[in-house]
Structure formats: structure tokens, C-alpha cells
Amino acid sequence: MELLIKNGFVYDPINGVNGEKMDIAVKDGKIVERVNERKARKVDASGMVVMPGGVDIHCHIAGSEVNTGRLLRPEDHFRDFERKTSITRSGVGHSIPSTFTTGYRYARMGYTTIMNPSMPPLEAKHTHEELSDTPMVDKASYPLLGDWWLVLEYLRDNEIEECARHIAWIMTSTKGYAIKIVNPGGLEAWGFGNNVHSLDDQVPHFRITPREIIRGLCKVNRLLNLPHTIHVHTNNLGQPGNYITALETMECVRDLASDNKPAIHVTHSQFSAFKGDDWRTLDSGAENIANYVNCHSHVTLDMGQVIFTDTTTMTADGPFQFGLHRLTGNKWVNHDVETETSAGIVPFRYRRKSFVHSIQWSIGLELALLIVDPWKIFMTTDHPNAGPFTYYPKIIAWLMSKKARGATLKRINPRAGSRSLLTSIDRELGFYEIAIMTRAGQAKALGLKSKGHLGTGADADIAIYNVNPETVDPSRKYKTVRRAFKRAGYTIKGGKLVVKNGEILKHVEGATMWLDVQTSEPVKISDEMKRKFREYWTVEYENYPVTENYLKISNPINVKASV
Amino acid sequence: MPVVKAVTCPVCGCLCDDIELRVENGKIVKVKNGCAMCESKFLGYNSEHRFLKPLVRKNGKLVKASLSEATKRAAEILAEANYPVLYGWSSTNCEAIRVGLELAEEVGGVIDNTSTVCHGPSILSIQDVGISSCTLGQIRHRADLVIYWGSNPWSAHPRHIERYTAFSEGRFEKSAWRGYLTKIKASIVKKKIESAIRRVFFKQKPSLLPLLRRKPPPAIWKEGRKLIVIDVRRTRSAEIADYFIQVEPNKDYELLQTFRALIQNQEIEIDEVAGVPVEYLEEVADVMIRCNFGILFFGLGLTMSKGKLRNIDAALSLTRDLNMRTKFVIMPMRGHFNVTGANTVFTWQTGYPYAVDFSLGYPQYNPGETSVVDILLRKESDAALIVASDPVANFPRIAVEHLVKNPLIVIDPHMNATAQMADVVFPSAFVGIEASGTAYRMDHVPLPLKKVVEPPRGVLPDEEILRRILSEVRKIRKRKQAEAS
């Protein structure tokens with residue numbers, strides 16, 4: 001099928017296209033130079049913004065913890081439901097929508113590629129089963145490797161290459177995409193109810209420190225030539241004063257970076273940018289982090305922007321979630337996974353009138369606005385931890401308009417409002433920068449060659465928003481912009497028109513991307529390893545890997561490792 | 001002869017995946033590593049109760065029919081019904097459950113799984129309190145205190161203790177197997193002495209035992225792993241435990257709340273709770289606090305005795321409270337091999353784990369209203385599809401009466417009681433023996449089920465049968481829509 005998108009204002013930052021009026025041609029799911037104008041179906045995008053389909057680098061949409069969150073919170077679903085139609089399946093959920101609804105809601109906002117950031121390797125089949133039931137978007141998942149016993153042992157013994165070969169095996173057998181590290185060392189300690197508190201704390205029973213884990217895995221990442229960097233959720237997350245830990249984490253891999261390429265991605269950085277000694281003296285550490293990021297090229301971040309609403313927090317950071325349960329008294333789920341990781345879930349409401357929540361709200365936006373280079377910071381809410389992904393249009397409005405920020409600033413906790421740096425920040429982002437923070441930058445950081453841009457040969461994932469950059473000033477008319485991003489004029493997925501005016505036209509399945517990491521010699525699992533496997537896990541080695549039949553559409557990406 | 005290794009056993013929630021099967025001439029002839037239940041399933045699944053042809057009721061009698069005829073009849077029943085119930089699902093694979101949910105949505109019915117009559121109350125309490133849990137390997141490596149409450153793993157989950165808890169060998173905790181052997185030897189000696197005494201004094205039973213039981217047992221202070229069993233009767237599991245607490249029937253709630261009070265250092269000013277002296281309970285509460293990693297497994301003895309979800313509420317709260325002092329987790333002992341999977345798939349597709357009502361076109365959930373037994377008791381449904389379950393044999397009589405009064409479709413490998421009352425019966429392949437797929441262990445770990453032997457000719461897996469019914473239903477509905485317009 002051929003498509004021709006005519007007369008849109010195209011924002012394609014990877015190819016340097018900034019709001020030029022041009023046509024985009026699509027053939028067989030790819031973007032091409034030109035199509036037969038008479039034959040092709042035409043999409044009239046005049047007076048609209050054309051961007052590559054949105055890319056989300058970090059949002060929890062599938063897997064055991066997300067699903068336990070759904071089970072835990074019927075009250076989240078009762079008021080937010082979608083009926084079955086002749087095209088779409090039904091579903092429920094405000095902060096943790098069921099799988100089909102998740103796919104539809106992303107597509108309605110013009111998003112087409114989603115990264116699910118925490119997958120316990122033992123339960124990877126579950127994650128992939130859910131991802132297969134998530135339509136409309138391409139997706140991938142990051143296995144949690146920061147507290148994997150074998151990794152800890154290899155790194156302790158300084159066997160980096162051996163460790164790399166194993167991670168190559170685990171990446172392929174869990175159908176994963178990047179190395180995810182959550183509170184390194186802390187999750188292993190949580191096995192007995194403890195935690196680690198700094199980069200140089202010893203992990204109990206393992207004689208290794210979080211610093212060594214992060215550095216080791218960063219080296220492994222380089223040896224394997226993985227497309228994304230290590231994806232790190234820092235130690236001490238959500239604790240006052242933790243911006244120092246975040247700075248130390250970024251600094252500890254500085255020497256491992258080369259050619260100005262990023263070496264570390266610090267995720268939902270808002271939660272790692274708290275200054276102050278306790279909750280009463282909490283302050284924003286955004287300025288310090290932004291200063292560091294502005295001076296160094298080896299770091300990328302995403303926001304983790306807080307939204308004032310009812311949501312469900314869920315991370316692999318078991319001790320953090322327990323702390324949150326003690327703080328709020330809300331119901332709490334803990335789920336430790338043998339030899340690998342842990343997870344926790346606590347429902348949470350961010351309140352405008354709360355001092356702490358207002359400071360958090362401010363930190364996210366300060367980070368996004370104080371970091372000069374939009375290729376280094378991406379827009380997320382760490383869905384659903386700081387708020388559901390459906391609020392992205394609201395964040396876009398805050399980033400594009402000082403007036404929009406002012407309107408919210410007026411309504412937040414006054415003490416937090418007076419401390420916020422936002423009053424002194426005049427920066428307002430344009431569509432070009434928004435396109436970087438919501439798709440181009442994320443695709444680049446993820447190493448997705450055919451996503452996030454509209455050059456010839458790219459996947460035909462395109463979002464068209466009904467807002468005219470020539471007539472609408474986003475700074476003043478931020479509500480128009482918000483509406484436009486909430487309901488895409490058109491979403492095109494794989495060359496097919498799937499959304500029109502925010503309504504689903506067609507149910508399509510997305511592919512699951514995974515890394516087929518090729519080492520110089522194929523990884524052999526020795527008998528010694530199989531014996532170890534039996535000791536460490538309660539499942540047989542043969543039943544551990546995820547076979548390709550768990551992926552509805554499999555999209556392996558070949559990676560040639562240097563080991 | 002080929003030996004198939006690493007087969008997952010499709011019997012109980014343990015989902016042991018180290019079974020080795022020897023296959024000869026397309027038949028399983030030997031089972032290695034399995035428990036008695038596992039062996040009897042793999043060796044005896046082709047019993048006389050198996051039927052191989054679809055059956056359709058004509059003139060009051062079930063007669064053999066072709067697959068397409070049965071599919072058409074089943075689809076008509078479901079397409080015509082206003083409020084059908086689709087029930088079962090816990091003994092089939094996740095792939096079939098996914099199709100089942102699509103079918104339920106298509107026909108606007110109620111879909112419910114067997115947890116509605118087993119761990120349904122546990123789920124309701126989890127939704128109130130939350131749950132601190134983990135995978136079973138975590139218990140193998142770390143737990144130094146294992147409590148079974150209202151469950152009898154030695155008989156119902158025979159390899160649970162050996163594979164995952166007290167008798168398994170972990171990284172930080174050693175197996176308590178040797179201690180158990182010593183104990184068996186001691187008990188044999190004790191029995192010999194007792195019988196000698198009996199023979200000498202011609203008495204029925206010596207009165208030594210109750211005295212022994214009254215004393216705080218030294219076993220509770222032993223080093224290493226401890227096993228506590230709490231139950232209304234002295235089960236086989238209780239025999240091997242380091243400490244057995246015999247709770248009076250329907251007094252579990254009192255006992256749980258007493259533990260909650262005790263671990264918060266409150267004084268109990270009575271002598272006995274649920275038939276157990278408070279001083280013993282104090283000792284046990286102390287053990288709970290002093291452990292490094294404790295686990296409480298609970299079974300239907302807790303969920304289905306008096307108090308139901310309130311019992312679980314108290315148990316979940318107890319573990320939550322214990323986490324303020326040490327590390328403690330809790331886990332329901334799930335029965336059917338894929339009941340956890342049924343809850344899981346239901347939840348990701350509809351947001352709710354069981355009792356999901358699609359009659360308004362979107363998922364609704366209100367157990368007590370949308371749960372299948374209650375619908376049947378209110379006589380609201382007008383057709384039913386039962387997959388891999390036998391409600392006629394174990395639902396309340398009035399519910400069964402209503403179930404069989406309306407058109408009834410059954411998909412099952414066996415001619416069970418429900419199938420005999422049905423209007424359409426499909427024979428299906430045994431999941432995990434004749435059909436592959438996925439199942440979830442009681443701790444939410446997904447495991448692949450293997451196809452070890454071919455099913456009999458013409459017998460399809462549940463998933464395939466459901467797919468055919470679904471496409472037939474869609475055809476009928478399309479035809480109707482065309483007629484209406």
C-alpha cells in the first residue's frame with residue numbers, strides 16, 4: 001500500500017528538518033523517496049505538524065509487576081473503561097490500563113514505539129506474553145541484570161569477558177533489549193530486608209560494591225556493542241539528598257565513555273534529584289544535575305515528570321517501595337525473584353497541596369528546561385510511577401509555555417512554589433525540541449536506526465498533530481497544543497493508517513524487538529553451568545529461555561559483540 | 001527409547017519441571033522424578049473415562065457427532081444466549097484462556113475461573129491489604145522459618161517441601177532433611193516402645209503423649225530451618241514439622257490476630273486462644289520475629305473456613321507487620337496447575353483476576369455479583385460453557401440445577417459429571433501431555449508445557465476448539481447483523 005502525506009509542517013530532527021512544508025511518501029511500511037501520486041492514498045496534512053511516531057524510552061506496560069498492580073487495584077479500573085467496538089477490544093484502567101487499552105491509548109497520542117524497562121529474566125515469558133497482547137506499538141523490554149547472582153560473581157572475580165558472554169546469552173534467551181540496573185546491590189540486600197546506601201557500600205554476602213557493578217556492566221555493554229547504554233535506576237532513589245548519589249553514579253563511568261558517546265542513561269532522574277536533609281527541608285537538586293549534564297557528553301536522562309493525579313508506583317526497587325509503604329500506609333505488594341531481582345507496588349496520589357509532591361513536580365520540569373541540549377533529556381513520566389503516560393500532552397504544554405507552567409505554579413503548595421526555580425526560567429521549547437525529546441532523541445539513545453526519523457528507509461511510523469505552527473503560538477495557546485497532542489490527527493503505524501482524529505481505525509499488531517547478540521564463539525552452556533543453574537534457580541535450564549513463539553511478531557536485531 | 005527431559009508436570013500448583021518421561025511407541029511408559037499424583041496423571045491419563053468423539057444431545061441423549069456439527073451447535077447456543085457464563089480455565093494453558101476471554105467478550109458473557117471457589121477470598125484480601133511475596137527459589141535460598149497454615153503439602157503438593165522449602169538446599173540455608181530422618185528414626189523407636197508398653201499393660205494407649213505435647217518443644221530453638229504446621233488436624237505434614245499447632249476449627253482468625261498482637265509486644269491476658277496456650281504462642285511469635293526470612297504458606301483451610309477473606313486479611317496483615325521487624329513473605333498454595341495463569345491472563349486482558357462480566361461491553365468485576373456461583377444461584381444465566389472443570393460435581397445443588405437446566409457446553413478430555421449433563425461435549429487433548437502451552441506456577445513463574453505424545457486422531461487442544469467456536473460465533477453474529485439491516 002502506498003501513502004502520501006501532503007503539505008504538513010515536518011519536524012524530523014535526526015535529518016535536520018525543522019518545520020518545512022513537505023510531502024512524505026510511504027510504501028510497504030517504509031518511508032521512500034516518492035510514490036506514484038495518482039495511485040497512492042493521500043493524507044492531507046496541511047496546517048498540521050508531521051513528526052516521526054513517538055518513542056517512549058521508559059514506561060512500565062507489561063510483566064509481572066505491572067499485572068500485579070492491575071490485580072491490586074480494581075478501584076483504579078472502575079471509573080476508567082473502554083467498551084468493545086467492532087475494531088477494538090475492551091479494557092479498563094486509569095494508571096495501569098489493561099494491555100489492549102494501553103496500545104490504543106499510545107496510538108491515539110501518536111506513539112508507536114514503547115520500551116518496557118523492567119523484566120525479571122525468570123519471568124520474561126510473562127512480559128512477552130503481555131507485550132504480544134499490546135497492539136498498535138512496537139516494543140522491547142530490558143532484563144534486570146544489576147543484581148543477578150552470576151553477574152555479581154563474575155564482576156567480583158573481575159571476569160568481565162566471561163560476564164559479557166553470559167549477558168549475551170541472557171539477552172538472547174530472554175529476548176531483551178538493554179541492560180537494566182536497578183538500585184545495584186540493594187535488591188540483593190533486600191532479599192534479607194536490607195539495602196545499600198552509597199556507591200561504596202558492600203553488598204552483603206557478595207564482596208562487591210554498587211560502583212563495581214555499574215562500572216562492570218558498563219564495560220560489558222561496550223564489549224557487546226549493545227545499541228543502548230546501561231539503563232540505570234540509581235541507588236538511594238527517592239531519598240532526600242540523593243542528587244549526590246546520582247552525580248556520583250554518572251561520574252563513576254565517565255572514564256569508560258569514548259568518542260563523545262553516551263555511556264549511561266539515568267532514568268526517571270526526577271526521583272534522583274532531591275536535595276535537603278529530610279522531607280521538611282527537601283529542595284531541588286535539578287540545577288546541580290543539569291550543570292553536570294551540560295558539561296559532560298556521556299550521560300542521557302529521562303524526566304520522570306510528576307503529574308498531580310492518582311497513580312500506582314511500581315519498581316524493581318523493593319526497599320524503596322517498602323519505604324513508600326511505611327511513609328504512606330497504603331497497601332503494598334512485594335515480589336522478590338530468586339537470584340535476580342525484586343519488585344514492589346504501592347498506590348500513590350500526587351497532591352498539588354503537598355510540599356514534597358510540588359517540589360517533585362518542579363524538579364522534573366527544571367531538569368528538562370535547564371539541560372540545554374534536548375538530545376540529552378527525554379520526556380517520560382516513568383509510567384505509571386510519576387503519573388500515567390496519558391498525561392504526556394500536559395507535559396508538552398508545560399515545556400512549551402511559561403504561561404502553562406505559571407497556571408499550575410499558582411495552584412501548587414505555596415512554600416514549594418516560592419522555592420521553585422521555574423519562576424526564573426523563561427525557556428520555552430518549540431516543536432523541533434519537543435520532537436527531539438519525545439521521539440528523535442529517544443530513538444537515537446536507544447540506537448533504533450529505523451525509528452524516530454522520517455528519512456528514506458525508516459519505518460513508516462508517523463504522527464500527525466492537528467496544530468498549525470504558523471498560526472498557533474504554543475506559548476499562549478498551550479491548550480490548543482495540549483489538545484492536539486492528546487488526540488493525534490493521524491497515526492500511521494508500519495505504513496498503515498491506524499488512527500484518525502484520536503479514534504482507532506484499525507487494530508494492528510506491533511513487533512517485539514530483541515537483541516540477537518553474536519559473540520565470536522557461540523555461547524556454550526557447560527555442564528558446570530547447568531549444575532549451577534539447578535542450584536540457583538528452581539526451574540530447569542531447558543525451560544528458562546523465552547522461545548520465539550512467545551512473540552507475536554519477532555524482530556531480532558543482530559549485534560556483533562567484541563568478545 | 002527416547003527419554004523426554006525437563007517436562008513440566010500439569011497437576012498441582014508446584015509445576016515441577018524436572019520430570020523425565022520415557023516414551024515407547026507413542027506411549028508414556030515410565031516417569032522419573034515425579035510424585036504419586038504426577039505418575040498417575042502421566043501413566044493413567046488414557047483411562048476408561050476418556051472419550052474421543054464430540055457428542056451432541058439429541059432427543060435427550062448424547063450421541064456422537066462430527067466436530068463441525070458440534071462446533072456449530074455450540075456457537076449457536078453462545079450466540080443466542082443473553083447472559084452466558086464461561087467457567088473453568090484453571091486446568092488448561094494460557095493460550096486457551098486468551099481465546100476464552102475473546103469469546104466471552106464477543107458473546108457478552110461472564111467469564112470466571114475456579115479461583116472463585118478456592119482462593120477468591122485471598123484475592124479480595126490482597127486487593128485490600130497487598131501482599132508481600134516472592135518466588136519459590138527465594139524461599140529455598142533464604143527461608144529459615146517455614147509455616148504451613150491450613151494446608152497439607154505432604155499430601156496435596158507432595159514435592160513442595162522437597163523442592164522449594166524445608167528440605168531443599170539453598171545458598172544461605174541448608175536442607176533440614178537429615179533432621180527429619182533422625183526424627184523418623186526416633187518416632188519409630190517411640191512407637192516400638194509404646195507397643196511394648198501396650199503389650200505389657202494391655203492398655204489401649206499410654207497417656208504419655210498429651211503430656212509431651214504440652215511442653216514447649218525444644219525443636220523450636222534448633223539451629224537452621226524450622227518448619228511449623230498450623231492445622232485443625234494432625235496431617236502428614238504436621239508429622240514432619242518441628243512444631244505443630246492444632247487450632248480449633250474456625251478459630252484461625254483469633255489465632256492470627258493474637259500473633260499480630262504478640263509481635264507488637266502486647267500482653268494477652270487470657271490463658272488460651274483457639275485451644276492453644278498463650279505461652280506457646282508467645283514462643284512461636286518470638287521465633288517469627290527472630291528469623292532472618294520467614295514464609296507463611298496458606299491453603300484452603302484458611303480461605304474457606306469461617307471468616308474467609310477476613311482470615312486472609314489477618315494473615316496478610318501479620319506478614320506486613322512482621323516486615324517492620326524482619327523479612328517475611330506469604331504465599332497462597334494454589335491447587336490447579338494453571339489457576340495462577342488463569343488469574344494472570346484474566347488480569348492483563350481485563351484488569352480483573354476472576355468473575356469478569358462483559359455484558360455491558362466492557363469488563364466489570366464485583367465478586368458476589370459477577371461470580372459464577374452467585375449468578376447461578378440467582379438463576380440469571382441462560383447458557384454455559386465449561387472448560388476443563390467439573391462444576392456439577394462440586395457446586396452447590398441449586399446452582400447446579402440452574403446450570404444444567406440451560407444449554408450447556410463442555411470441553412474436557414474426560415466424561416465427567418458435568419459432561420454427562422451437557423448438550424454439547426468436545427473431547428480435548430491433555431494440556432501438558434498432548435498439547436503444549438504455558439502455565440504459571442503458584443509464585444507467578446511462567447513455565448512451558450510440553451507436548452510429549454500425539455493426541456488421539458481428531459482430538460484437538462482446548463485452544464483450537466475455542467478458536468473454532470469463536471469464528472463460528474462471529475459468522476452467526478455477522479449474518480444476524482446483515483439480516484437486521
# chains A, B, ... in the order shown; residues from 1 in each chain; ligands from 1
>>> interface_residues(of="chain B", to="chain A", cutoff="6 Å", atoms="only C-alpha atoms", output="list in words")
Gln127, Val129, Gly130, Ile131, Ser132, Ser133, Cys134, Thr135, Gly137, Gln138, Lys327, Trp348, Gln349, Thr350, Gly351, Tyr352, Gly361, Tyr362 and Val445 of chain B
>>> select_by_dssp(residues="range 19-123 of chain A", states="strand (DSSP E)", output="ChimeraX atom specification")
/A:19-27,30-32,41-44,49-52,54-56,81-82,91-92,111-119
>>> residues_around(residues="range 410-425 of chain B", least_positions_apart="2", cutoff="8 Å", atoms="only C-alpha atoms", output="list of chain:residue names")
B:His49, B:Arg50, B:Phe51, B:Pro54, B:Leu55, B:Val56, B:Arg57, B:Leu62, B:Ala70, B:Arg73, B:Ala74, B:Leu385, B:Ile386, B:Val387, B:Ala388, B:Ser389, B:Asp390, B:Pro391, B:Val392, B:Ala393, B:Val404, B:Pro407, B:Leu408, B:Pro427, B:Ser428, B:Ala429, B:Phe430, B:Asp462
>>> write_last_selection(atoms="N, CA, C and O atoms", output="short mmCIF file (atom, residue, chain, number, x, y, z; two decimals), in the first residue's frame")
data_model
loop_
_atom_site.label_atom_id
_atom_site.label_comp_id
_atom_site.auth_asym_id
_atom_site.auth_seq_id
_atom_site.Cartn_x
_atom_site.Cartn_y
_atom_site.Cartn_z
N HIS B 49 -12.43 -43.26 31.25
CA HIS B 49 -13.32 -42.09 31.23
C HIS B 49 -13.07 -41.20 30.01
O HIS B 49 -13.78 -40.25 29.78
N ARG B 50 -12.03 -41.52 29.27
CA ARG B 50 -11.70 -40.71 28.10
C ARG B 50 -12.71 -40.96 27.00
O ARG B 50 -13.16 -42.10 26.80
N PHE B 51 -13.10 -39.94 26.28
CA PHE B 51 -13.94 -40.14 25.09
C PHE B 51 -13.31 -39.38 23.94
O PHE B 51 -12.60 -38.40 24.15
N PRO B 54 -16.79 -35.87 19.56
CA PRO B 54 -17.73 -34.87 20.09
C PRO B 54 -19.12 -35.48 20.24
O PRO B 54 -19.51 -36.33 19.44
N LEU B 55 -19.84 -35.02 21.25
CA LEU B 55 -21.19 -35.52 21.49
C LEU B 55 -22.17 -34.36 21.46
O LEU B 55 -21.86 -33.26 21.93
N VAL B 56 -23.34 -34.61 20.92
CA VAL B 56 -24.39 -33.61 20.92
C VAL B 56 -25.67 -34.27 21.41
O VAL B 56 -25.95 -35.42 21.07
N ARG B 57 -26.42 -33.53 22.25
CA ARG B 57 -27.64 -34.12 22.80
C ARG B 57 -28.78 -34.03 21.79
O ARG B 57 -29.11 -32.94 21.31
N LEU B 62 -27.09 -38.11 24.55
CA LEU B 62 -25.84 -37.67 23.95
C LEU B 62 -25.44 -38.65 22.86
O LEU B 62 -25.26 -39.84 23.12
N ALA B 70 -20.82 -30.19 16.07
CA ALA B 70 -20.76 -29.80 17.47
C ALA B 70 -20.36 -28.33 17.60
O ALA B 70 -20.91 -27.59 18.42
N ARG B 73 -23.33 -26.15 16.75
CA ARG B 73 -24.34 -26.18 17.82
C ARG B 73 -23.87 -25.31 19.00
O ARG B 73 -24.64 -24.52 19.54
N ALA B 74 -22.59 -25.47 19.35
CA ALA B 74 -22.06 -24.70 20.49
C ALA B 74 -22.11 -23.21 20.18
O ALA B 74 -22.49 -22.39 21.03
N LEU B 385 -20.61 -22.41 29.16
CA LEU B 385 -19.51 -23.14 28.54
C LEU B 385 -18.53 -23.48 29.66
O LEU B 385 -18.07 -22.60 30.38
N ILE B 386 -18.27 -24.77 29.83
CA ILE B 386 -17.36 -25.19 30.89
C ILE B 386 -16.11 -25.77 30.24
O ILE B 386 -16.20 -26.67 29.41
N VAL B 387 -14.96 -25.24 30.62
CA VAL B 387 -13.70 -25.71 30.05
C VAL B 387 -12.82 -26.28 31.15
O VAL B 387 -12.50 -25.57 32.11
N ALA B 388 -12.49 -27.55 31.04
CA ALA B 388 -11.54 -28.19 31.95
C ALA B 388 -11.93 -28.04 33.41
O ALA B 388 -11.12 -27.68 34.25
N SER B 389 -13.20 -28.31 33.70
CA SER B 389 -13.64 -28.24 35.09
C SER B 389 -14.90 -29.08 35.24
O SER B 389 -15.53 -29.46 34.24
N ASP B 390 -15.27 -29.34 36.48
CA ASP B 390 -16.42 -30.21 36.72
C ASP B 390 -17.35 -29.60 37.76
O ASP B 390 -17.48 -30.11 38.87
N PRO B 391 -18.01 -28.49 37.43
CA PRO B 391 -18.82 -27.81 38.44
C PRO B 391 -20.00 -28.63 38.95
O PRO B 391 -20.40 -28.48 40.10
N VAL B 392 -20.55 -29.51 38.10
CA VAL B 392 -21.70 -30.29 38.57
C VAL B 392 -21.30 -31.11 39.79
O VAL B 392 -22.10 -31.33 40.70
N ALA B 393 -20.05 -31.55 39.82
CA ALA B 393 -19.61 -32.38 40.93
C ALA B 393 -19.33 -31.57 42.20
O ALA B 393 -19.32 -32.13 43.28
N VAL B 404 -27.65 -26.90 34.68
CA VAL B 404 -27.99 -27.96 33.73
C VAL B 404 -29.36 -27.74 33.08
O VAL B 404 -29.68 -28.38 32.09
N PRO B 407 -28.89 -24.56 28.24
CA PRO B 407 -27.92 -25.19 27.35
C PRO B 407 -26.51 -25.16 27.94
O PRO B 407 -26.10 -24.13 28.49
N LEU B 408 -25.83 -26.27 27.82
CA LEU B 408 -24.54 -26.42 28.48
C LEU B 408 -23.53 -27.03 27.51
O LEU B 408 -23.82 -28.03 26.85
N PRO B 427 -14.35 -33.50 23.14
CA PRO B 427 -13.17 -34.10 23.76
C PRO B 427 -11.97 -33.21 23.45
O PRO B 427 -11.90 -32.63 22.38
N SER B 428 -11.04 -33.08 24.40
CA SER B 428 -9.89 -32.23 24.12
C SER B 428 -8.61 -32.97 24.47
O SER B 428 -8.63 -33.94 25.21
N ALA B 429 -7.53 -32.47 23.94
CA ALA B 429 -6.22 -33.07 24.22
C ALA B 429 -5.77 -32.66 25.61
O ALA B 429 -6.12 -31.58 26.09
N PHE B 430 -4.99 -33.52 26.25
CA PHE B 430 -4.49 -33.18 27.59
C PHE B 430 -3.39 -32.12 27.46
O PHE B 430 -2.37 -32.35 26.82
N ASP B 462 -7.70 -27.52 23.62
CA ASP B 462 -8.75 -26.56 24.01
C ASP B 462 -8.71 -25.30 23.16
O ASP B 462 -9.73 -24.78 22.72
#
>>> closest_residue(among="A:Pro120, A:Pro210, A:Pro135, A:Gly495", to="Ile179 in chain A", atoms="only C-alpha atoms")
A:Pro120
>>> atom_distance(atom1="CA of Arg156 in chain A", atom2="CA of Pro204 in chain A")
12.5 Å
>>> residues_around(residues="Asn15 in chain A", least_positions_apart="5", cutoff="9 Å", atoms="only C-alpha atoms", output="list in words")
His453, Leu454 and Gly455 of chain A
>>> write_last_selection(atoms="C-alpha atoms", output="compact mmCIF listing (two decimals), in the first residue's frame")
# COMPACT_ATOMS: atom_id res chain seq x y z
CA HIS A 453 13.02 9.87 11.92
CA LEU A 454 11.40 10.27 8.51
CA GLY A 455 14.38 9.70 6.25
>>> atom_distance(atom1="CA of Val499 in chain A", atom2="CA of Gly103 in chain A")
11.7 Å
>>> residues_around(residues="Leu124 in chain B", least_positions_apart="6", cutoff="12 Å", atoms="only C-alpha atoms", output="ChimeraX atom specification")
/A:71-74 /B:115-116,118,130-131,303,308-313,316,352-355,365-368
>>> residues_around(residues="Cys295 in chain A", least_positions_apart="5", cutoff="12 Å", atoms="only C-alpha atoms", output="list in words")
Met250, Glu251, Arg254, Asn260, Asn288, Ile289, Ala290, Ile371, Val372, Asp373 and Lys376 of chain A
>>> write_last_selection(atoms="N, CA, C and O atoms", output="compact mmCIF listing (two decimals), in the first residue's frame")
# COMPACT_ATOMS: atom_id res chain seq x y z
N MET A 250 26.80 9.02 37.76
CA MET A 250 27.16 9.47 36.42
C MET A 250 28.68 9.58 36.30
O MET A 250 29.27 9.17 35.31
N GLU A 251 29.30 10.11 37.37
CA GLU A 251 30.75 10.34 37.34
C GLU A 251 31.52 9.01 37.29
O GLU A 251 32.57 8.93 36.67
N ARG A 254 32.48 7.90 33.84
CA ARG A 254 32.92 8.93 32.88
C ARG A 254 34.11 8.45 32.04
O ARG A 254 34.16 8.63 30.83
N ASN A 260 32.73 10.79 22.58
CA ASN A 260 31.58 11.63 22.91
C ASN A 260 30.25 10.88 22.90
O ASN A 260 29.20 11.47 22.74
N ASN A 288 22.08 21.26 40.02
CA ASN A 288 23.37 20.59 40.09
C ASN A 288 23.48 19.52 39.01
O ASN A 288 24.50 19.38 38.35
N ILE A 289 22.39 18.75 38.87
CA ILE A 289 22.42 17.67 37.88
C ILE A 289 22.50 18.26 36.48
O ILE A 289 23.28 17.80 35.64
N ALA A 290 21.71 19.31 36.24
CA ALA A 290 21.72 19.93 34.91
C ALA A 290 23.11 20.49 34.60
O ALA A 290 23.61 20.32 33.49
N ILE A 371 18.64 21.68 31.27
CA ILE A 371 19.60 20.97 30.42
C ILE A 371 19.45 21.54 29.02
O ILE A 371 18.39 21.50 28.40
N VAL A 372 20.54 22.12 28.54
CA VAL A 372 20.47 22.92 27.33
C VAL A 372 20.18 22.05 26.10
O VAL A 372 19.40 22.42 25.24
N ASP A 373 20.85 20.89 26.05
CA ASP A 373 20.77 20.07 24.86
C ASP A 373 19.60 19.08 24.95
O ASP A 373 19.63 18.16 25.77
N LYS A 376 19.76 15.22 25.29
CA LYS A 376 20.24 14.55 26.50
C LYS A 376 19.15 14.26 27.50
O LYS A 376 19.38 13.54 28.47
>>> atom_distance(atom1="CA of Gln305 in chain A", atom2="CA of Val17 in chain A")
27.6 Å
>>> residues_around(residues="Ser450 in chain A", least_positions_apart="5", cutoff="12 Å", atoms="only C-alpha atoms", output="number ranges by chain")
A: 14, 29-31, 52-53, 55, 113, 138, 439-440, 443-444, 455-462, 494, 513, 557
>>> select_by_dssp(residues="range 53-168 of chain A", states="alpha helix (DSSP H)", output="PyMOL selection string")
chain A and resi 64-72+74-77+99-108+124-132+149-156+160-168
>>> closest_residue(among="A:Lys21, A:Asn195, A:His228, A:Leu217", to="Val151 in chain A", atoms="only C-alpha atoms")
A:Leu217
